[in-house]
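Undergrad: The structure is given below, and queries will be raised subsequently.
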Amino acid sequence: MAKRATTPPARGSWAGKMGFIMAAAGSAVGLGNLWKFPWMAYKNGGYGEAEPYGAGAFVLIYLLSVVVVGLPVMIAEIVIGRRSGKDPVGAFEALRPGSLWKWVGALGVLTGFLLLSYYGVVAGWTAFFLLKSVTGSLTVTPDAGKEIFAQFTASAPMQVAWMAIFVLLTAAVVIGGISKGIERVTKILMPGLLIMVFWLFFMVMGRENASSAYAYMFYPDFSHVTASLVLDAMGQAFFSLSLGMGAVITYGSYLGKKDRIVTCAVSVTFLDTLVALVASLVIFGVLFHLNLQTPGDGQGNLFTAIPAIFSQLEGGTTLVIVFFLLVTFAALTSTVSLLEVVVSYFIDERGWSRKAAVVKVSAAVFLLGIPSAFSFNVLGDTKVFGMTFFALFDYLCANWSLPIGGLLITIFAGWILTSKETEDEINTHRPIHAFWKFCVRYIAPIVVLLVLVGIIAGVGGSE
Ligand code: TRP
């Protein structure tokens, strides 16, 4: 039997269960919740059609995917992390020494590095837009956001500078370590984020016609369910919870042995889902209130559509400031978790100090981010497989690495780890463990495999 690795004291841990929950929820709540989820609901909901049928079926299938796939895989990742007390590579190596499983961890670390390099560019946009919203220039006319966005992304130096600012900000949090850095910051940012999203909700939902958003989001009409809708819902559940690359393995490795894994996983999943739903109600509430047919340009771009919509609303300038503060917080807590995955690898496996790891990895992330920052300007016409570097990196991570990593993680947890190991770690009532095991053995791998097949066949996806 694999021996439990002892955790060296210098490695760090959360001061309490709440630290893990806030940090992991911070990782999960990101642009995926505030932008991709409402956009997918819109795309799958028939908004603006002659007979709008609503996003209820999409939302319901999403919720189902969260419960039978997202939650079980999250529990699996926490189990792998806490039992080993290691970074993703070290975790698989500690649990099944000498096997090929460590390569699943290696894929995760590599994915974290790549994901951070382009996510950091978009994160830089959120910080820049926050600045612009504070000066009020985003909402002077409905087109202001669009013009600012076009100018901003067309400037190569600006793109690199704001990406650098965001990487520095992320590094400043991660260098503080687990309890004194990540936990301290996310414990402030996440409650702040929740307050802001609910504040927006109360500011918007009382307005005329805004409450139509409830029926739009929650009344299920199954007559319009397609394969692409189902794949969208399942893929989004996975991405939104930050699963498939060891982010949760890494955070789980700092969880105390007494803390209950199921409670932690349920809390994180609940918070992530809550933010996605409330943010969508806010956006659809405004759309119904203004009787708009489409959220700005067709893609529903967060940076052009939101300012355009809110600028037409009374008190819109304040709402836009709060909105971009919210988005910036969400982006920062996600980039922090991405950086921590890579940093933890160099600390645990290569024996680097945290400081050296943060400095070197951030510098490398910055360099790798440059082609993505240039994808909207000087390298805009440079295409690899028909995609800019930015689009290519996103395609590789979201469509390939995360589902493949996720599939292998569920197989590892469901088929390789023994029930004795997982029962010992999850430490809950037998029926709950049995249900988890069933999901992680059969349902989750099949669902993730279906998503992969769908991607290969070109069904669904965000474009
Ligand atoms: N969940 C994040 C979002 O909703 C995106 C994401 C996917 C992520 N995988 C991750 C963030 C891993 C941090 C770590 O935006």
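Identifiers in the structure tokens: chain A, B, ... in order shown; residue index from 1 per chain; ligand index from 1 in order shown.
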Could I get the residue neighbourhood of ligand 1 at 7 Å, counting only C-alpha atoms and all ligand atoms, as a list in words?
TA: Ser27, Ala28, Val29, Gly30, Leu31, Gly32, Asn33, Gly112, Phe239, Ser240, Leu241, Ser242, Leu243, Met245, Ala247, Ser334, Thr335, Ser337 and Leu338 of chain A
Undergrad: May I have the residues from that selection written out with N, CA and C atoms, as a PDB file, in the first residue's frame?
TA:
ATOM      1  N   SER A  27     -10.486  30.264  -7.669  1.00  0.00           N
ATOM      2  CA  SER A  27      -9.976  29.644  -8.884  1.00  0.00           C
ATOM      3  C   SER A  27     -11.116  29.366  -9.854  1.00  0.00           C
ATOM      4  N   ALA A  28     -12.203  28.828  -9.324  1.00  0.00           N
ATOM      5  CA  ALA A  28     -13.325  28.430 -10.180  1.00  0.00           C
ATOM      6  C   ALA A  28     -14.068  29.634 -10.761  1.00  0.00           C
ATOM      7  N   VAL A  29     -14.352  30.611  -9.916  1.00  0.00           N
ATOM      8  CA  VAL A  29     -15.090  31.781 -10.393  1.00  0.00           C
ATOM      9  C   VAL A  29     -14.148  32.656 -11.205  1.00  0.00           C
ATOM     10  N   GLY A  30     -14.424  32.761 -12.493  1.00  0.00           N
ATOM     11  CA  GLY A  30     -13.548  33.546 -13.357  1.00  0.00           C
ATOM     12  C   GLY A  30     -14.322  34.054 -14.549  1.00  0.00           C
ATOM     13  N   LEU A  31     -13.592  34.329 -15.608  1.00  0.00           N
ATOM     14  CA  LEU A  31     -14.254  34.824 -16.816  1.00  0.00           C
ATOM     15  C   LEU A  31     -15.262  33.797 -17.319  1.00  0.00           C
ATOM     16  N   GLY A  32     -15.018  32.529 -16.999  1.00  0.00           N
ATOM     17  CA  GLY A  32     -15.937  31.466 -17.383  1.00  0.00           C
ATOM     18  C   GLY A  32     -17.337  31.683 -16.819  1.00  0.00           C
ATOM     19  N   ASN A  33     -17.414  32.223 -15.598  1.00  0.00           N
ATOM     20  CA  ASN A  33     -18.724  32.451 -14.982  1.00  0.00           C
ATOM     21  C   ASN A  33     -19.374  33.730 -15.478  1.00  0.00           C
ATOM     22  N   GLY A 112      -1.316  24.512 -17.025  1.00  0.00           N
ATOM     23  CA  GLY A 112      -1.436  25.686 -16.167  1.00  0.00           C
ATOM     24  C   GLY A 112      -0.558  26.815 -16.669  1.00  0.00           C
ATOM     25  N   PHE A 239     -15.007  23.268 -17.203  1.00  0.00           N
ATOM     26  CA  PHE A 239     -14.111  24.419 -17.289  1.00  0.00           C
ATOM     27  C   PHE A 239     -14.353  25.376 -16.124  1.00  0.00           C
ATOM     28  N   SER A 240     -15.624  25.604 -15.835  1.00  0.00           N
ATOM     29  CA  SER A 240     -15.973  26.582 -14.817  1.00  0.00           C
ATOM     30  C   SER A 240     -15.456  26.183 -13.443  1.00  0.00           C
ATOM     31  N   LEU A 241     -15.388  24.878 -13.181  1.00  0.00           N
ATOM     32  CA  LEU A 241     -14.928  24.433 -11.867  1.00  0.00           C
ATOM     33  C   LEU A 241     -13.409  24.272 -11.808  1.00  0.00           C
ATOM     34  N   SER A 242     -12.701  24.684 -12.869  1.00  0.00           N
ATOM     35  CA  SER A 242     -11.228  24.606 -12.907  1.00  0.00           C
ATOM     36  C   SER A 242     -10.719  23.171 -12.790  1.00  0.00           C
ATOM     37  N   LEU A 243     -11.436  22.235 -13.394  1.00  0.00           N
ATOM     38  CA  LEU A 243     -11.041  20.836 -13.257  1.00  0.00           C
ATOM     39  C   LEU A 243     -10.172  20.383 -14.421  1.00  0.00           C
ATOM     40  N   MET A 245      -6.742  19.915 -14.624  1.00  0.00           N
ATOM     41  CA  MET A 245      -5.317  20.223 -14.765  1.00  0.00           C
ATOM     42  C   MET A 245      -4.575  20.257 -13.430  1.00  0.00           C
ATOM     43  N   ALA A 247      -5.345  21.978 -10.684  1.00  0.00           N
ATOM     44  CA  ALA A 247      -5.448  23.183  -9.847  1.00  0.00           C
ATOM     45  C   ALA A 247      -6.048  22.798  -8.495  1.00  0.00           C
ATOM     46  N   SER A 334      -8.267  33.617 -10.168  1.00  0.00           N
ATOM     47  CA  SER A 334      -8.019  32.489 -11.074  1.00  0.00           C
ATOM     48  C   SER A 334      -6.552  32.440 -11.508  1.00  0.00           C
ATOM     49  N   THR A 335      -5.961  33.598 -11.840  1.00  0.00           N
ATOM     50  CA  THR A 335      -4.547  33.576 -12.250  1.00  0.00           C
ATOM     51  C   THR A 335      -3.660  33.145 -11.076  1.00  0.00           C
ATOM     52  N   SER A 337      -4.370  30.924  -8.848  1.00  0.00           N
ATOM     53  CA  SER A 337      -4.368  29.463  -8.729  1.00  0.00           C
ATOM     54  C   SER A 337      -3.579  28.820  -9.868  1.00  0.00           C
ATOM     55  N   LEU A 338      -3.616  29.428 -11.044  1.00  0.00           N
ATOM     56  CA  LEU A 338      -2.836  28.888 -12.160  1.00  0.00           C
ATOM     57  C   LEU A 338      -1.342  28.979 -11.858  1.00  0.00           C
TER      58      LEU A 338
END
Undergrad: Give me the residues near Pro142 in chain A as a list in words, where near means some atom within 10 Å (using only C-alpha atoms) and where sequence neighbours in that chain fewer than 3 positions away do not count.
TA: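 My reading of the contact set: Leu138, Thr139, Gly145, Lys146, Glu147, Gly296, Thr304, Ala305, Ile306, Pro307, Ala308, Ile309, Phe310, Ser311 and Gln312 of chain A.
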Undergrad: Those residues you just picked out, can you put them in a file as a CSV table (one decimal), in the first residue's frame with N, CA and C atoms?
TA:
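Written out: again05.csv:
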chain,number,residue,atom,x,y,z
A,138,LEU,N,-16.0,54.8,-20.2
A,138,LEU,CA,-16.6,53.6,-20.9
A,138,LEU,C,-18.0,53.8,-21.2
A,139,THR,N,-18.7,54.7,-20.5
A,139,THR,CA,-20.2,54.8,-20.6
A,139,THR,C,-20.7,56.1,-21.2
A,145,GLY,N,-17.2,51.8,-25.2
A,145,GLY,CA,-16.5,50.6,-24.9
A,145,GLY,C,-15.8,49.9,-26.0
A,146,LYS,N,-16.6,49.9,-27.1
A,146,LYS,CA,-16.1,49.2,-28.3
A,146,LYS,C,-14.9,49.9,-28.9
A,147,GLU,N,-15.0,51.3,-28.9
A,147,GLU,CA,-13.9,52.1,-29.5
A,147,GLU,C,-12.6,51.9,-28.6
A,296,GLY,N,-24.9,43.6,-27.6
A,296,GLY,CA,-23.8,44.2,-28.3
A,296,GLY,C,-23.5,43.4,-29.6
A,304,THR,N,-17.1,44.9,-24.8
A,304,THR,CA,-17.8,45.8,-25.6
A,304,THR,C,-19.3,45.9,-25.3
A,305,ALA,N,-19.8,44.7,-25.1
A,305,ALA,CA,-21.3,44.6,-24.9
A,305,ALA,C,-21.7,45.1,-23.5
A,306,ILE,N,-21.0,44.8,-22.5
A,306,ILE,CA,-21.4,45.2,-21.1
A,306,ILE,C,-21.4,46.7,-21.0
A,307,PRO,N,-20.3,47.4,-21.3
A,307,PRO,CA,-20.4,48.9,-21.3
A,307,PRO,C,-21.6,49.4,-22.1
A,308,ALA,N,-21.7,48.9,-23.3
A,308,ALA,CA,-22.8,49.4,-24.2
A,308,ALA,C,-24.2,49.2,-23.6
A,309,ILE,N,-24.4,48.1,-22.9
A,309,ILE,CA,-25.7,47.8,-22.3
A,309,ILE,C,-25.9,48.7,-21.1
A,310,PHE,N,-24.9,48.8,-20.2
A,310,PHE,CA,-25.0,49.5,-19.0
A,310,PHE,C,-25.1,51.0,-19.2
A,311,SER,N,-24.4,51.5,-20.3
A,311,SER,CA,-24.4,52.9,-20.5
A,311,SER,C,-25.8,53.4,-20.8
A,312,GLN,N,-26.7,52.5,-21.2
A,312,GLN,CA,-28.1,53.0,-21.5
A,312,GLN,C,-29.0,52.9,-20.3
Undergrad: So which residues touch Trp352 in chain A within 12 Å, counting only C-alpha atoms, skipping near sequence neighbours fewer than 5 positions away, as a PDB file with C-alpha atoms, in the first residue's frame?
TA:
ATOM      1  CA  ALA A  10       7.960  24.431   5.206  1.00  0.00           C
ATOM      2  CA  ARG A  11       5.458  23.542   2.500  1.00  0.00           C
ATOM      3  CA  VAL A 342       3.348  25.663 -11.640  1.00  0.00           C
ATOM      4  CA  VAL A 343       5.131  27.173  -8.646  1.00  0.00           C
ATOM      5  CA  SER A 344       4.215  24.189  -6.442  1.00  0.00           C
ATOM      6  CA  TYR A 345       5.825  21.876  -8.985  1.00  0.00           C
ATOM      7  CA  PHE A 346       9.156  23.695  -8.813  1.00  0.00           C
ATOM      8  CA  ILE A 347       9.026  23.873  -5.014  1.00  0.00           C
ATOM      9  CA  ALA A 357       9.961  29.715  -8.168  1.00  0.00           C
ATOM     10  CA  VAL A 358       7.569  32.676  -8.296  1.00  0.00           C
ATOM     11  CA  VAL A 359      10.136  35.020  -9.850  1.00  0.00           C
ATOM     12  CA  LYS A 360      11.334  32.578 -12.509  1.00  0.00           C
ATOM     13  CA  VAL A 361       7.927  31.155 -13.423  1.00  0.00           C
TER      14      VAL A 361
END
Undergrad: Could you give me, as CSV, a per-residue list for range 151-212 of chain A showing, wherever an atom lies at most 10 Å from an atom of range 274-288 of chain A, the closest pair of atoms and their distance in Å to one decimal, using only C-alpha atoms and sorting by chain then residue number from low to high?
TA:
residue,atom,partner,partner_atom,distance
A:Leu193,CA,A:Val275,CA,9.0
A:Leu194,CA,A:Val275,CA,7.4
A:Val197,CA,A:Ala279,CA,6.5
A:Phe198,CA,A:Val278,CA,7.3
A:Trp199,CA,A:Val282,CA,9.9
A:Leu200,CA,A:Val282,CA,6.7
A:Phe201,CA,A:Val282,CA,5.4
A:Phe202,CA,A:Val282,CA,8.7
A:Met203,CA,A:Val282,CA,8.8
A:Val204,CA,A:Val282,CA,6.3
A:Met205,CA,A:Gly285,CA,6.0
A:Gly206,CA,A:Gly285,CA,9.1
A:Arg207,CA,A:Gly285,CA,8.2
A:Glu208,CA,A:Phe288,CA,8.5
A:Asn209,CA,A:Phe288,CA,5.9
A:Ala210,CA,A:Gly285,CA,4.1
A:Ser211,CA,A:Gly285,CA,6.3
A:Ser212,CA,A:Phe288,CA,6.6
Undergrad: Find the spatial neighbours of Thr111 in chain A, counting only C-alpha atoms, within a cut-off of 12 Å - ignore same-chain residues fewer than 4 positions away - and output them as a ChimeraX atom specification.
TA: /A:88,103-107,115-119,242-247,338-339,341-342,365,393-406
Undergrad: Rounded to one decimal place, report the CA of Tyr53 in chain A-CA of Tyr214 in chain A distance in Å.
TA: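 Interatomic distance, CA of Tyr53 in chain A to CA of Tyr214 in chain A: 12.6 Å.
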Undergrad: Which distance in Å separates CA of Leu392 in chain A and CA of Leu379 in chain A, to one decimal?
TA: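 Calculated distance between CA of Leu392 in chain A and CA of Leu379 in chain A is 12.8 Å.
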Undergrad: Can you tell me which residues surround Val268 in chain A at a distance of at most 7 Å, considering only C-alpha atoms, apart from same-chain residues fewer than 5 positions away, and format the answer as a PDB file with all heavy atoms, in the first residue's frame?
TA:
ATOM      1  N   ILE A  21     -11.669  26.820   0.819  1.00  0.00           N
ATOM      2  CA  ILE A  21     -12.925  27.059   0.097  1.00  0.00           C
ATOM      3  C   ILE A  21     -12.855  28.383  -0.677  1.00  0.00           C
ATOM      4  O   ILE A  21     -13.195  28.436  -1.860  1.00  0.00           O
ATOM      5  CB  ILE A  21     -14.128  27.050   1.069  1.00  0.00           C
ATOM      6  CG1 ILE A  21     -14.316  25.633   1.629  1.00  0.00           C
ATOM      7  CG2 ILE A  21     -15.402  27.511   0.371  1.00  0.00           C
ATOM      8  CD1 ILE A  21     -15.386  25.511   2.694  1.00  0.00           C
ATOM      9  N   ALA A  24     -10.225  28.015  -3.598  1.00  0.00           N
ATOM     10  CA  ALA A  24     -10.678  27.146  -4.683  1.00  0.00           C
ATOM     11  C   ALA A  24     -11.885  27.751  -5.401  1.00  0.00           C
ATOM     12  O   ALA A  24     -12.008  27.655  -6.631  1.00  0.00           O
ATOM     13  CB  ALA A  24     -11.013  25.752  -4.149  1.00  0.00           C
ATOM     14  N   ALA A  25     -12.758  28.414  -4.643  1.00  0.00           N
ATOM     15  CA  ALA A  25     -13.874  29.104  -5.293  1.00  0.00           C
ATOM     16  C   ALA A  25     -13.326  30.250  -6.138  1.00  0.00           C
ATOM     17  O   ALA A  25     -13.833  30.538  -7.229  1.00  0.00           O
ATOM     18  CB  ALA A  25     -14.867  29.621  -4.257  1.00  0.00           C
TER      19      ALA A  25
END
Undergrad: Provide the CA of Met190 in chain A to CA of Phe329 in chain A distance in Å, to one decimal place.
TA: 7.6 Å
Undergrad: Need to verify the contact set: range 153-155 of chain A, 6 Å, only C-alpha atoms, exclusion of same-chain residues closer than 3 positions in sequence. Can you return it as a PDB file with C-alpha atoms, in the first residue's frame?
TA:
ATOM      1  CA  ALA A 150     -10.423  48.340 -30.384  1.00  0.00           C
ATOM      2  CA  MET A 158      -0.341  48.431 -24.129  1.00  0.00           C
ATOM      3  CA  PHE A 376      -4.509  41.339 -31.567  1.00  0.00           C
ATOM      4  CA  ASN A 377      -2.057  43.622 -33.289  1.00  0.00           C
TER       5      ASN A 377
END
Undergrad: Give me every helix (DSSP H, G or I) residue in range 198-383 of chain A, going by DSSP on the backbone, as a ChimeraX atom specification.
TA: /A:198-205,212-218,222-224,227-240,247-252,261-290,302-311,316-350,354-376
Undergrad: From the options A:Val69, A:Val167, A:Ile175, A:Val248, which residue's atoms come nearest to Ile446 in chain A, counting only C-alpha atoms?
TA: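 With only C-alpha atoms as the atom set, the closest residue is A:Val69.
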Undergrad: Within 10 Å of Phe218 in chain A, counting only C-alpha atoms, which residues show up once you throw out same-chain ones fewer than 6 positions away? Write them as an MDAnalysis selection string, please.
TA: chainID A and resid 54:60 277
Undergrad: For those residues, write N, CA and C atoms to a file as a PDB file, in the first residue's frame.
TA:
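Generated file (out-v3.pdb):
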ATOM      1  N   GLY A  54     -36.007  30.269 -24.295  1.00  0.00           N
ATOM      2  CA  GLY A  54     -35.349  30.335 -23.000  1.00  0.00           C
ATOM      3  C   GLY A  54     -34.207  29.368 -22.810  1.00  0.00           C
ATOM      4  N   ALA A  55     -33.395  29.680 -21.794  1.00  0.00           N
ATOM      5  CA  ALA A  55     -32.184  28.908 -21.545  1.00  0.00           C
ATOM      6  C   ALA A  55     -32.401  27.859 -20.464  1.00  0.00           C
ATOM      7  N   GLY A  56     -33.660  27.647 -20.035  1.00  0.00           N
ATOM      8  CA  GLY A  56     -33.937  26.740 -18.923  1.00  0.00           C
ATOM      9  C   GLY A  56     -33.406  25.330 -19.119  1.00  0.00           C
ATOM     10  N   ALA A  57     -33.538  24.799 -20.322  1.00  0.00           N
ATOM     11  CA  ALA A  57     -33.060  23.435 -20.564  1.00  0.00           C
ATOM     12  C   ALA A  57     -31.533  23.389 -20.466  1.00  0.00           C
ATOM     13  N   PHE A  58     -30.889  24.399 -21.034  1.00  0.00           N
ATOM     14  CA  PHE A  58     -29.428  24.472 -20.935  1.00  0.00           C
ATOM     15  C   PHE A  58     -28.997  24.557 -19.476  1.00  0.00           C
ATOM     16  N   VAL A  59     -29.661  25.427 -18.720  1.00  0.00           N
ATOM     17  CA  VAL A  59     -29.299  25.619 -17.314  1.00  0.00           C
ATOM     18  C   VAL A  59     -29.503  24.319 -16.526  1.00  0.00           C
ATOM     19  N   LEU A  60     -30.592  23.637 -16.784  1.00  0.00           N
ATOM     20  CA  LEU A  60     -30.872  22.400 -16.052  1.00  0.00           C
ATOM     21  C   LEU A  60     -29.824  21.321 -16.371  1.00  0.00           C
ATOM     22  N   LEU A 277     -25.033  31.832 -12.098  1.00  0.00           N
ATOM     23  CA  LEU A 277     -26.469  32.057 -12.262  1.00  0.00           C
ATOM     24  C   LEU A 277     -26.843  33.504 -11.969  1.00  0.00           C
TER      25      LEU A 277
END
